[in-house]
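Undergrad: I have a structure here, written as structure tokens, and I will follow up with some questions on it.
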Amino acid sequence: MKRFYEQAKQNRMPQGFFSCYQQLSERDILELQDLFLTNGMHRVTSYDLFTGRTLVDVFLQAMAPHYHEKACLTMQTFTLDSAVLDLYTLLQLFVGGAHEDPTEHLEEFFTEQLYADFMWIEETASLRAASWYPTFLETLTTLQLDHHIPIIIFSYETDER
């Protein structure tokens, strides 16, 4: 089966680091480190998308030797790091376009296209409104991907309503 990784990798920004000015306590850092290293589905709330993504970038750079294939589900146009699989773009390519309903293809997509050892989901209002998103989460659980990799679901205090 064809993997759509190379097509989705086009038009990404080079690997980079964003600074974040939010102060984290030592306890916060240890708790977040535990989430990033523990298999399962975890929820984290950050101030906004930029802060959440910066937090992920910082931790993933620190854990670079630990994770080889990172993936993110986002519907935002804010470009992902080049070392991260864009699951939304891959899913669109897999089902044949942005206007296709991916619900019927999710299980096949996960078994044939996804080889990630870490995943995060940017759960914005637009993603929560997508008709296929509940099925996406259900499929993660059904296939027990959360038993094999850490999956962090980010929500945002300043999310668009």
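Please note that chains go A, B, ... in the order of the structure tokens, that every chain numbers its residues from 1, and that ligands are numbered from 1 in the order shown.
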Name the residues of chain A that fall into strand (DSSP E) according to DSSP on the backbone, using the chain letters and numbers of this document, as a PyMOL selection string.
TA: chain A and resi 40-46+70-73+84-86+118-122+150-156
Undergrad: Please identify every residue of region 24-91 of chain A that has at least one atom no farther than 6 Å from an atom of region 117-140 of chain A, counting only C-alpha atoms, and for each give the shortest atom pair and the distance in Å to one decimal, arranged by chain then increasing number, as a tab-separated table.
TA:
```
residue	atom	partner	partner_atom	distance
A:Glu69	CA	A:Asp117	CA	5.6
A:Lys70	CA	A:Phe118	CA	4.9
A:Ala71	CA	A:Met119	CA	4.7
A:Cys72	CA	A:Trp120	CA	4.9
A:Leu73	CA	A:Ile121	CA	4.7
A:Thr74	CA	A:Glu122	CA	5.2
```
Undergrad: For region 48-51 of chain A, please output as a PyMOL selection string all residues within 7 Å (counting only C-alpha atoms; exclusion window: fewer than 5 positions along the same chain).
TA: chain A and resi 20+156-159
Undergrad: Hey, what's within 12 Å of Glu104 (chain A) if we count only C-alpha atoms and toss same-chain stuff fewer than 2 positions away? As an MDAnalysis selection string, please?
TA: chainID A and resid 91 94:95 100:102 106:110 132 135:136 139
Undergrad: Would you mind writing down, as a PyMOL selection string, each residue of region 48-80 of chain A that DSSP on the backbone assigns to helix (DSSP H, G or I)?
TA: chain A and resi 49-62
Undergrad: Residues at most 12 Å from Ile29 (chain A), counting only C-alpha atoms, excluding those fewer than 5 positions away in the same chain, as a list of chain:residue names?
TA: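 Using only C-alpha atoms, the neighbours found are A:Gln22, A:Gln23, A:Leu24, A:Asp34, A:Leu35, A:Phe36, A:Leu55, A:Val56, A:Val58, A:Phe59, A:Ala62.
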Undergrad: Selection from above, N, CA and C atoms, as a CSV table (one decimal), in the first residue's frame, can you write it?
TA:
```csv
chain,number,residue,atom,x,y,z
A,22,GLN,N,5.7,31.3,29.1
A,22,GLN,CA,4.9,30.8,30.3
A,22,GLN,C,5.9,30.1,31.2
A,23,GLN,N,5.8,30.5,32.5
A,23,GLN,CA,6.6,29.8,33.5
A,23,GLN,C,6.0,28.5,34.0
A,24,LEU,N,6.7,27.5,34.0
A,24,LEU,CA,6.3,26.2,34.5
A,24,LEU,C,7.1,25.8,35.7
A,34,ASP,N,5.9,13.1,32.4
A,34,ASP,CA,5.3,11.8,32.6
A,34,ASP,C,4.2,11.5,31.6
A,35,LEU,N,3.4,12.5,31.2
A,35,LEU,CA,2.4,12.4,30.2
A,35,LEU,C,3.0,12.1,28.9
A,36,PHE,N,4.1,12.7,28.5
A,36,PHE,CA,4.7,12.5,27.2
A,36,PHE,C,5.4,11.2,27.1
A,55,LEU,N,4.9,24.1,23.7
A,55,LEU,CA,5.1,23.1,24.8
A,55,LEU,C,5.5,21.7,24.2
A,56,VAL,N,4.7,21.3,23.2
A,56,VAL,CA,5.0,20.0,22.5
A,56,VAL,C,6.4,20.1,21.9
A,58,VAL,N,9.0,21.8,22.7
A,58,VAL,CA,10.1,21.8,23.7
A,58,VAL,C,10.3,20.4,24.2
A,59,PHE,N,9.2,19.7,24.6
A,59,PHE,CA,9.3,18.4,25.1
A,59,PHE,C,9.8,17.4,24.1
A,62,ALA,N,13.4,17.7,23.6
A,62,ALA,CA,14.2,17.1,24.7
A,62,ALA,C,14.2,15.6,24.7
```
Undergrad: Could you check which of A:Leu143, A:Leu87, A:Leu93, A:Met41 is closest to Ala116 (chain A), using only C-alpha atoms?
TA: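 Nearest to Ala116 (chain A): A:Leu87.
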Undergrad: Go through A:Thr111, A:Ala64, A:Asp81, A:Arg53 one by one, measure the shortest atom-to-atom distance of each to Phe154 (chain A) using only C-alpha atoms, and give the residue with the smallest value.
TA: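 That would be A:Arg53, the residue with the smallest distance to Phe154 (chain A).
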